[in-house]
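**Student:** Got a file for you: input.cif, mmCIF, C-alpha atoms.
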```cif
data_start
loop_
_atom_site.group_PDB
_atom_site.id
_atom_site.type_symbol
_atom_site.label_atom_id
_atom_site.label_comp_id
_atom_site.auth_asym_id
_atom_site.auth_seq_id
_atom_site.Cartn_x
_atom_site.Cartn_y
_atom_site.Cartn_z
ATOM 1 C CA MET A 1 172.252 126.480 181.161
ATOM 2 C CA TRP A 2 170.370 129.654 182.058
ATOM 3 C CA THR A 3 167.056 127.875 182.660
ATOM 4 C CA ASN A 4 168.637 125.747 185.387
ATOM 5 C CA ARG A 5 170.359 128.778 186.878
ATOM 6 C CA ARG A 6 167.047 130.659 187.053
ATOM 7 C CA ALA A 7 165.292 127.706 188.715
ATOM 8 C CA TRP A 8 168.027 127.267 191.321
ATOM 9 C CA ALA A 9 168.001 131.004 192.048
ATOM 10 C CA ALA A 10 164.242 130.810 192.680
ATOM 11 C CA ILE A 11 164.685 127.748 194.915
ATOM 12 C CA HIS A 12 167.401 129.388 196.999
ATOM 13 C CA SER A 13 165.456 132.643 197.344
ATOM 14 C CA LEU A 14 162.538 130.951 199.152
ATOM 15 C CA ASP A 15 162.255 129.103 202.451
ATOM 16 C CA ALA A 16 161.801 125.337 202.233
ATOM 17 C CA ASP A 17 158.242 125.657 203.575
ATOM 18 C CA ASP A 18 157.272 128.273 200.951
ATOM 19 C CA LEU A 19 158.476 126.360 197.889
ATOM 20 C CA PRO A 20 155.736 125.544 195.359
ATOM 21 C CA VAL A 21 155.381 121.948 194.199
ATOM 22 C CA SER A 22 156.910 122.782 190.802
ATOM 23 C CA LEU A 23 160.156 123.789 192.524
ATOM 24 C CA LEU A 24 160.199 120.903 194.993
ATOM 25 C CA GLN A 25 160.330 118.486 192.074
ATOM 26 C CA TRP A 26 162.870 120.417 189.965
ATOM 27 C CA ASN A 27 165.322 118.301 187.956
ATOM 28 C CA GLU A 28 168.094 119.788 185.861
ATOM 29 C CA CYS A 29 166.897 120.322 182.313
ATOM 30 C CA SER A 30 168.950 119.336 179.306
ATOM 31 C CA ALA A 31 169.354 120.949 175.905
ATOM 32 C CA ASN A 32 167.236 118.130 174.469
ATOM 33 C CA GLU A 33 164.335 119.032 176.790
ATOM 34 C CA VAL A 34 164.564 122.689 175.766
ATOM 35 C CA LYS A 35 164.448 121.659 172.094
ATOM 36 C CA LYS A 36 161.373 119.532 172.809
ATOM 37 C CA LEU A 37 159.769 122.449 174.646
ATOM 38 C CA ILE A 38 160.344 124.827 171.725
ATOM 39 C CA GLY A 39 159.085 122.264 169.219
ATOM 40 C CA MET A 40 155.951 121.567 171.236
ATOM 41 C CA TYR A 41 155.339 125.282 171.703
ATOM 42 C CA LEU A 42 155.657 125.927 167.961
ATOM 43 C CA TYR A 43 153.252 123.062 167.309
ATOM 44 C CA MET A 44 150.783 124.684 169.715
ATOM 45 C CA GLY A 45 150.884 127.805 167.551
ATOM 46 C CA SER A 46 149.714 125.894 164.484
ATOM 47 C CA ASN A 47 147.221 123.644 166.293
ATOM 48 C CA LYS A 48 145.077 125.912 168.486
ATOM 49 C CA LYS A 49 143.217 124.583 171.533
ATOM 50 C CA THR A 50 141.169 126.540 174.065
ATOM 51 C CA GLU A 51 143.271 125.505 177.092
ATOM 52 C CA MET A 52 146.905 124.458 177.364
ATOM 53 C CA ASN A 53 145.916 121.290 179.257
ATOM 54 C CA ASP A 54 143.841 120.171 176.244
ATOM 55 C CA TYR A 55 147.026 119.264 174.348
ATOM 56 C CA TRP A 56 147.688 116.422 176.810
ATOM 57 C CA SER A 57 144.042 115.327 176.953
ATOM 58 C CA THR A 58 143.384 111.695 176.129
ATOM 59 C CA GLY A 59 139.717 112.276 175.281
ATOM 60 C CA SER A 60 138.587 111.677 171.731
ATOM 61 C CA TYR A 61 137.667 115.335 171.105
ATOM 62 C CA HIS A 62 140.840 117.044 172.376
ATOM 63 C CA SER A 63 143.367 114.263 171.864
ATOM 64 C CA THR A 64 146.683 115.331 170.342
ATOM 65 C CA PRO A 65 148.806 112.275 169.423
ATOM 66 C CA TYR A 66 151.990 114.358 169.203
ATOM 67 C CA PHE A 67 151.741 115.154 172.918
ATOM 68 C CA GLN A 68 150.899 111.532 173.835
ATOM 69 C CA ALA A 69 154.149 110.214 172.337
ATOM 70 C CA PRO A 70 156.583 108.722 174.862
ATOM 71 C CA GLU A 71 159.372 111.104 173.822
ATOM 72 C CA ALA A 72 157.194 114.208 174.382
ATOM 73 C CA LEU A 73 157.379 116.215 177.599
ATOM 74 C CA SER A 74 154.710 115.609 180.203
ATOM 75 C CA ARG A 75 152.293 118.452 180.911
ATOM 76 C CA ASP A 76 153.820 119.182 184.317
ATOM 77 C CA ARG A 77 157.398 119.149 183.005
ATOM 78 C CA PHE A 78 156.392 121.356 180.062
ATOM 79 C CA LYS A 79 154.838 123.948 182.397
ATOM 80 C CA GLN A 80 157.783 123.703 184.780
ATOM 81 C CA LEU A 81 160.330 124.361 182.022
ATOM 82 C CA LEU A 82 158.184 127.080 180.455
ATOM 83 C CA GLY A 83 158.105 128.935 183.771
ATOM 84 C CA PHE A 84 161.895 129.033 184.081
ATOM 85 C CA LEU A 85 162.942 129.153 180.414
ATOM 86 C CA ARG A 86 165.669 131.734 179.837
ATOM 87 C CA PHE A 87 167.780 132.470 176.776
ATOM 88 C CA TYR A 88 170.115 134.848 178.606
ATOM 89 C CA ASP A 89 172.052 135.004 181.862
ATOM 90 C CA CYS A 90 169.616 136.709 184.228
ATOM 91 C CA LEU A 91 172.389 137.380 186.759
ATOM 92 C CA GLU A 92 174.375 139.600 184.373
ATOM 93 C CA ASP A 93 173.591 143.194 183.444
ATOM 94 C CA PRO A 94 171.733 143.592 180.134
ATOM 95 C CA THR A 95 173.411 145.027 177.073
ATOM 96 C CA PRO A 96 172.610 148.756 176.977
ATOM 97 C CA GLY A 97 170.423 149.829 174.074
ATOM 98 C CA ASP A 98 169.373 146.320 173.053
ATOM 99 C CA PRO A 99 165.675 145.726 173.748
ATOM 100 C CA LEU A 100 166.018 142.112 172.584
ATOM 101 C CA TYR A 101 168.788 141.202 175.047
ATOM 102 C CA LYS A 102 166.621 138.535 176.702
ATOM 103 C CA ILE A 103 166.349 136.527 173.491
ATOM 104 C CA ARG A 104 169.549 137.705 171.762
ATOM 105 C CA PRO A 105 171.410 134.350 172.085
ATOM 106 C CA PHE A 106 168.353 132.511 170.708
ATOM 107 C CA LEU A 107 167.941 134.963 167.813
ATOM 108 C CA ASN A 108 171.635 134.755 166.954
ATOM 109 C CA ASN A 109 171.488 130.960 166.993
ATOM 110 C CA LEU A 110 168.348 130.963 164.838
ATOM 111 C CA ARG A 111 169.878 133.403 162.347
ATOM 112 C CA ASP A 112 173.137 131.419 162.177
ATOM 113 C CA THR A 113 171.164 128.231 161.559
ATOM 114 C CA CYS A 114 169.222 129.918 158.736
ATOM 115 C CA VAL A 115 172.443 131.202 157.162
ATOM 116 C CA ASN A 116 174.293 127.870 157.458
ATOM 117 C CA ILE A 117 171.513 125.587 156.267
ATOM 118 C CA TYR A 118 169.982 127.616 153.476
ATOM 119 C CA ARG A 119 171.862 128.942 150.482
ATOM 120 C CA PRO A 120 169.700 131.374 148.497
ATOM 121 C CA ASP A 121 169.423 131.010 144.758
ATOM 122 C CA GLU A 122 169.597 133.897 142.305
ATOM 123 C CA GLU A 123 165.994 135.027 142.847
ATOM 124 C CA ILE A 124 165.826 136.573 146.324
ATOM 125 C CA SER A 125 163.809 139.372 147.828
ATOM 126 C CA VAL A 126 164.129 141.636 150.841
ATOM 127 C CA ASP A 127 160.690 141.694 152.403
ATOM 128 C CA GLU A 128 159.197 143.501 155.353
ATOM 129 C CA SER A 129 157.154 141.266 157.598
ATOM 130 C CA LEU A 130 155.008 142.213 160.568
ATOM 131 C CA VAL A 131 155.288 140.082 163.680
ATOM 132 C CA LEU A 132 152.053 140.291 165.642
ATOM 133 C CA TYR A 133 152.586 140.489 169.400
ATOM 134 C CA LYS A 134 149.865 141.349 171.883
ATOM 135 C CA GLY A 135 152.080 141.728 174.950
ATOM 136 C CA ARG A 136 154.177 144.635 176.132
ATOM 137 C CA LEU A 137 156.996 145.462 173.778
ATOM 138 C CA GLY A 138 158.882 148.735 173.543
ATOM 139 C CA PHE A 139 159.374 148.725 169.794
ATOM 140 C CA LYS A 140 156.060 147.519 168.428
ATOM 141 C CA GLN A 141 154.265 149.945 166.177
ATOM 142 C CA TYR A 142 150.687 150.820 165.367
ATOM 143 C CA ILE A 143 150.190 150.491 161.629
ATOM 144 C CA PRO A 144 146.521 151.271 160.837
ATOM 145 C CA THR A 145 146.728 150.146 157.210
ATOM 146 C CA LYS A 146 147.859 146.648 158.175
ATOM 147 C CA ARG A 147 145.615 143.886 159.405
ATOM 148 C CA ALA A 148 147.892 143.083 162.343
ATOM 149 C CA GLY A 149 147.500 146.613 163.765
ATOM 150 C CA MET A 150 150.078 146.514 166.582
ATOM 151 C CA ALA A 151 153.184 144.654 165.481
ATOM 152 C CA SER A 152 156.943 144.837 165.239
ATOM 153 C CA ARG A 153 158.624 145.081 161.874
ATOM 154 C CA CYS A 154 161.025 142.417 160.769
ATOM 155 C CA THR A 155 162.989 142.624 157.532
ATOM 156 C CA VAL A 156 163.689 139.210 156.037
ATOM 157 C CA LEU A 157 165.735 137.943 153.121
ATOM 158 C CA VAL A 158 163.665 135.274 151.371
ATOM 159 C CA SER A 159 163.930 133.059 148.336
ATOM 160 C CA LEU A 160 161.212 133.636 145.770
ATOM 161 C CA LYS A 161 161.124 130.020 144.600
ATOM 162 C CA GLN A 162 161.202 128.240 147.958
ATOM 163 C CA ALA A 163 159.746 130.912 150.301
ATOM 164 C CA THR A 164 162.564 130.204 152.746
ATOM 165 C CA CYS A 165 164.037 132.761 155.140
ATOM 166 C CA SER A 166 167.796 133.195 154.880
ATOM 167 C CA THR A 167 168.316 135.941 157.478
ATOM 168 C CA PHE A 168 166.310 138.593 159.309
ATOM 169 C CA GLU A 169 166.552 141.919 161.126
ATOM 170 C CA PHE A 170 164.166 143.625 163.564
ATOM 171 C CA MET A 171 163.410 147.320 163.101
ATOM 172 C CA LEU A 172 162.640 150.028 165.658
ATOM 173 C CA LEU A 173 160.550 152.675 163.912
ATOM 174 C CA ARG A 174 162.909 153.877 161.184
ATOM 175 C CA ARG A 175 166.155 152.938 162.925
ATOM 176 C CA ARG A 176 167.817 149.535 162.916
ATOM 177 C CA ILE A 177 168.226 148.037 166.362
ATOM 178 C CA VAL A 178 169.736 144.765 165.267
ATOM 179 C CA ASP A 179 171.964 144.386 162.256
ATOM 180 C CA LEU A 180 171.940 140.723 161.318
ATOM 181 C CA LEU A 181 172.379 140.958 157.557
#
```
Using C-alpha cells, write down the structure from this file.
**Tutor:**
Amino acid sequence: MWTNRRAWAAIHSLDADDLPVSLLQWNECSANEVKKLIGMYLYMGSNKKTEMNDYWSTGSYHSTPYFQAPEALSRDRFKQLLGFLRFYDCLEDPTPGDPLYKIRPFLNNLRDTCVNIYRPDEEISVDESLVLYKGRLGFKQYIPTKRAGMASRCTVLVSLKQATCSTFEFMLLRRRIVDLL
C-alpha cells in the first residue's frame, strides 16, 4: 500500500531523535482504514465544522455521533493517515502528460465502480459539471459567468431519472486529458 510506503520512507529519512510523535507511533494501515478515512472525509464535506477537531468533540454543541462510533477512526489516527495518504507510488516516475497521475488509480477505481454498479436507463444526458477547487491546480479555469469562478471542468454521463453518475472525464481547456468514456 502506497500510504504505508510513504510513511516508512519518511521514517527512514529522519534521525530517531528528529521523528515527530505521529511517526513514532506509526502502525501499518489497512485498506479498511483507508475506506474509513475517505468516508469520514466525505462526511466532513457535507457536515461543516469550523475546526477539524470539532468532529471528535464530545460537547453538546459540536458533538458528531458518527465520529464517536467505536468503528470510526480516532482523531489522531485520522490525521496520521491523512498526512501520509497516497493513491500512487511516490517512488516511481510520474506518467508524462498526465496532471492527475497522483490520483489516477483512485479515479480509475471510482470510474470502474460507477460503471459496474450502475446501468443507465434509456434517458441519459452528457453534462458538464464544474468542480470547485481553491488550491493549486494546473488545469483549473476561470469562468466568469459561473458561480464557482475558478474550477475544473468535468464531463459526466448521468441518468435523468435517478441523477446518478455512470462515468466521468476531466477536461483541460478544450482538450481532453483523460478519456474515461
**Student:** Spell out the residues picked by the PyMOL selection byres ((chain A and resi 64) around 12) here, as a list in words.
**Tutor:** Met40, Tyr43, Met44, Asn47, Lys48, Lys49, Met52, Asn53, Asp54, Tyr55, Trp56, Ser57, Thr58, Gly59, Ser60, Tyr61, His62, Ser63, Pro65, Tyr66, Phe67, Gln68, Ala69 and Ala72 of chain A
**Student:** Expand the PyMOL selection byres ((chain A and resi 10) around 12) into the individual residues it matches in the shown file, reporting them as JSON, numbers by chain.
**Tutor:** {"A": [3, 4, 5, 6, 7, 8, 9, 11, 12, 13, 14, 15, 16, 18, 19, 20, 22, 23, 24, 26, 83, 84, 90]}
**Student:** Using only C-alpha atoms, pick whichever of A:Cys114, A:Leu100, A:Leu107, A:Leu157 has the shortest atom-to-atom distance to Glu128 in chain A.
**Tutor:** A:Leu157
**Student:** Quick one, how far is CA of Pro70 in chain A from CA of Gln25 in chain A?
**Tutor:**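 Here the two named atoms are 20.1 Å from each other.
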**Student:** One number please: CA of Ser159 in chain A to CA of Asp112 in chain A, in Å, one decimal.
**Tutor:**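 Answer for the CA of Ser159 in chain A to CA of Asp112 in chain A separation: 16.7 Å.
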**Student:** If I take CA of Asp76 in chain A and CA of Asp89 in chain A, how far is one from the other in Å, to one decimal?
**Tutor:** 24.3 Å
**Student:** Return the padded bounding box of range 113-126 of chain A as AutoDock Vina command-line options: axis-aligned, built from all atoms listed in the file, 3 Å added on each side, with centre and edge lengths in Å to one decimal.
**Tutor:**
```
--center_x 169.1 --center_y 133.6 --center_z 151.9 --size_x 16.5 --size_y 22.0 --size_z 25.3
```
**Student:** Tell me which residues the PyMOL selection byres ((chain A and resi 87) around 6) grabs here, as an MDAnalysis selection string.
**Tutor:** chainID A and resid 86 88 103
**Student:** Write out as a list of chain:residue names the residues lying within 12 Å of Glu33 in chain A, counting all atoms listed in the file and excluding same-chain residues fewer than 2 positions away.
**Tutor:**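 Everything that qualifies: A:Met1, A:Thr3, A:Asn4, A:Asn27, A:Glu28, A:Cys29, A:Ser30, A:Ala31, A:Lys35, A:Lys36, A:Leu37, A:Ile38, A:Gly39, A:Met40, A:Glu71, A:Ala72, A:Leu73, A:Ser74, A:Arg77, A:Phe78, A:Gln80, A:Leu81, A:Leu82, A:Leu85.
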